[in-house]
Amino acid sequence: MKKKLAFLLAGAMLMTAALAGCGGDKPADDSANTPADTAQQDTPAADNTADGGTLRMLTNAAFPPYEFVDDSGNVAGIDAEIAQAVADKLGMKLEITDMAFESLIAGLQSDTGDIVLAGMTVDPERAQSVDFTDSYATGVQVVIVPEGAEVKVNEEKDDEGNTVKSVDLTGMKIGVQTGTTGDQYCAGDYGEDAVQRYDNGALAVAALVNGQVDCVVIDNEPAKSFVEANKGLQILDTAYTVEDYAAAIKKGNTELLDKVNGALKELKEDGTIEGIITKYIHD
Ligand code: GLN
């Protein structure tokens with residue numbers, strides 16, 4: 001599936017994510033190196049009901065500023081705060097388990113958790129296995145390269161005559177995080193052989209720094225953290241594609257889905273979600 005999307009203005013690309021905020025700083029860059037597969041806080045509850053009780057969130061806390069491990073060893077970030085706000089609305093206690101990104105959907109299916117918030121992109125393939133809530137943020141897949149690297153940018157006119165740009169990574173070794181949409185798109189667009197998979201974004205970026213890959217395709221907010229934490233890297237002005245983030249819930253658990261959507265709606269309307277996002281992503 002071709003996912004190389006084009007954009008009207010390269011500069012607009014790096015506009016971030018989020019309902020309101022654009023670009024900017026994020027805390028706890030060092031969290032990017034946190035290993036996955038480690039339960040970070042609390043233990044999964046025996047009570048798996050959506051009715052009061054405990055909301056068990058699964059995430060991969062190597063995705064700043066959406067999720068990272070803070071100085072106290074707790075999972076923090078936009079998703080943790082949104083999940084806490086949702087749990088508060090539902091009168092539930094929140095527990096968070098940190099695991100590999102590629103295991104999150106299986107974690108819902110095996111009832112290891114009730115909900116995934118992980119900067120997870122709404123994707124039709126995933127939607128066959130899980131139910132997505134309404135979207136709460138926007139993500140942009142970007143390309144990180146060594147500073148000064150030359151990457152071909154294709155320009156075409158769209159139906160309305162606007163110039164649209166797309167990056168052309170043909171011939172490059174592309175680092176991705178296993179199981180992410182960046183992984184899917186690059187494997188689809190450039191073939192399996194072009195893609196080198198890593199357990200998390202930090203490892204993919206380390207491979208870029210070491211010259212083992214020529215670029216990394218990853219979501220823009222963690223990309224900013226990684227580029228800030230590693231000298232000599234840059235994010236290309238022309239992005240790969242724009243996506244929606246949503247929470248995922250076990251397929252068929254409509255009771256929880258409806259409750260979470262109801263809570264998200266209220267939290268959007270009263271500005272809570274925007275406030276959480278702009279706390280971490282700002283100019
Ligand atoms: N947004 C990307 C995806 O859903 C990456 C998410 C992540 O690495 N946490 O595939």
# chains A, B, ... in the order shown; residues from 1 in each chain; ligands from 1
>>> residues_around(residues="segment 140-145 of chain A", least_positions_apart="2", cutoff="6 Å", atoms="only C-alpha atoms", output="list of chain:residue names")
A:Cys215, A:Val216, A:Val217, A:Ile218, A:Asp219, A:Asn220, A:Leu233, A:Gln234, A:Ile235, A:Leu236, A:Ala239, A:Tyr240, A:Thr241, A:Val242, A:Glu243
>>> select_by_dssp(residues="segment 9-243 of chain A", states="strand (DSSP E or B)", output="PyMOL selection string")
chain A and resi 54-59+62-63+67-69+75-76+93-98+115-116+121+130-146+152-157+163-168+174-177+195-198+215-219+233-235+241-243
>>> atom_distance(atom1="atom CA of Lys279 of chain A", atom2="atom CA of Glu266 of chain A")
18.7 Å
>>> residues_near_ligand(ligand="ligand 1", cutoff="9 Å", atoms="only C-alpha atoms and all ligand atoms", output="JSON, numbers by chain")
{"A": [59, 60, 61, 62, 63, 64, 66, 67, 101, 102, 117, 118, 119, 120, 121, 122, 123, 139, 140, 141, 177, 178, 179, 180, 181, 182, 183, 184, 200, 201, 218, 219, 222, 243, 244, 245, 246]}
>>> closest_atom_pairs(of="segment 157-264 of chain A", to="segment 80-87 of chain A", cutoff="10 Å", atoms="only C-alpha atoms", output="tab-separated table")
residue	atom	partner	partner_atom	distance
A:Ala247	CA	A:Ala83	CA	9.1
A:Lys259	CA	A:Val86	CA	8.9
A:Val260	CA	A:Val86	CA	6.6
A:Asn261	CA	A:Val86	CA	9.1
A:Gly262	CA	A:Val86	CA	9.1
A:Ala263	CA	A:Val86	CA	5.6
A:Leu264	CA	A:Val86	CA	6.7
>>> atom_distance(atom1="atom CA of Gln109 of chain A", atom2="atom CA of Ser129 of chain A")
8.2 Å
>>> residues_around(residues="Gln128 of chain A", least_positions_apart="3", cutoff="12 Å", atoms="only C-alpha atoms", output="list in words")
Ile105, Gln109, Val122, Asp123, Pro124, Glu125, Asp131, Phe132, Ala248, Ile249, Lys250, Lys251 and Gly252 of chain A
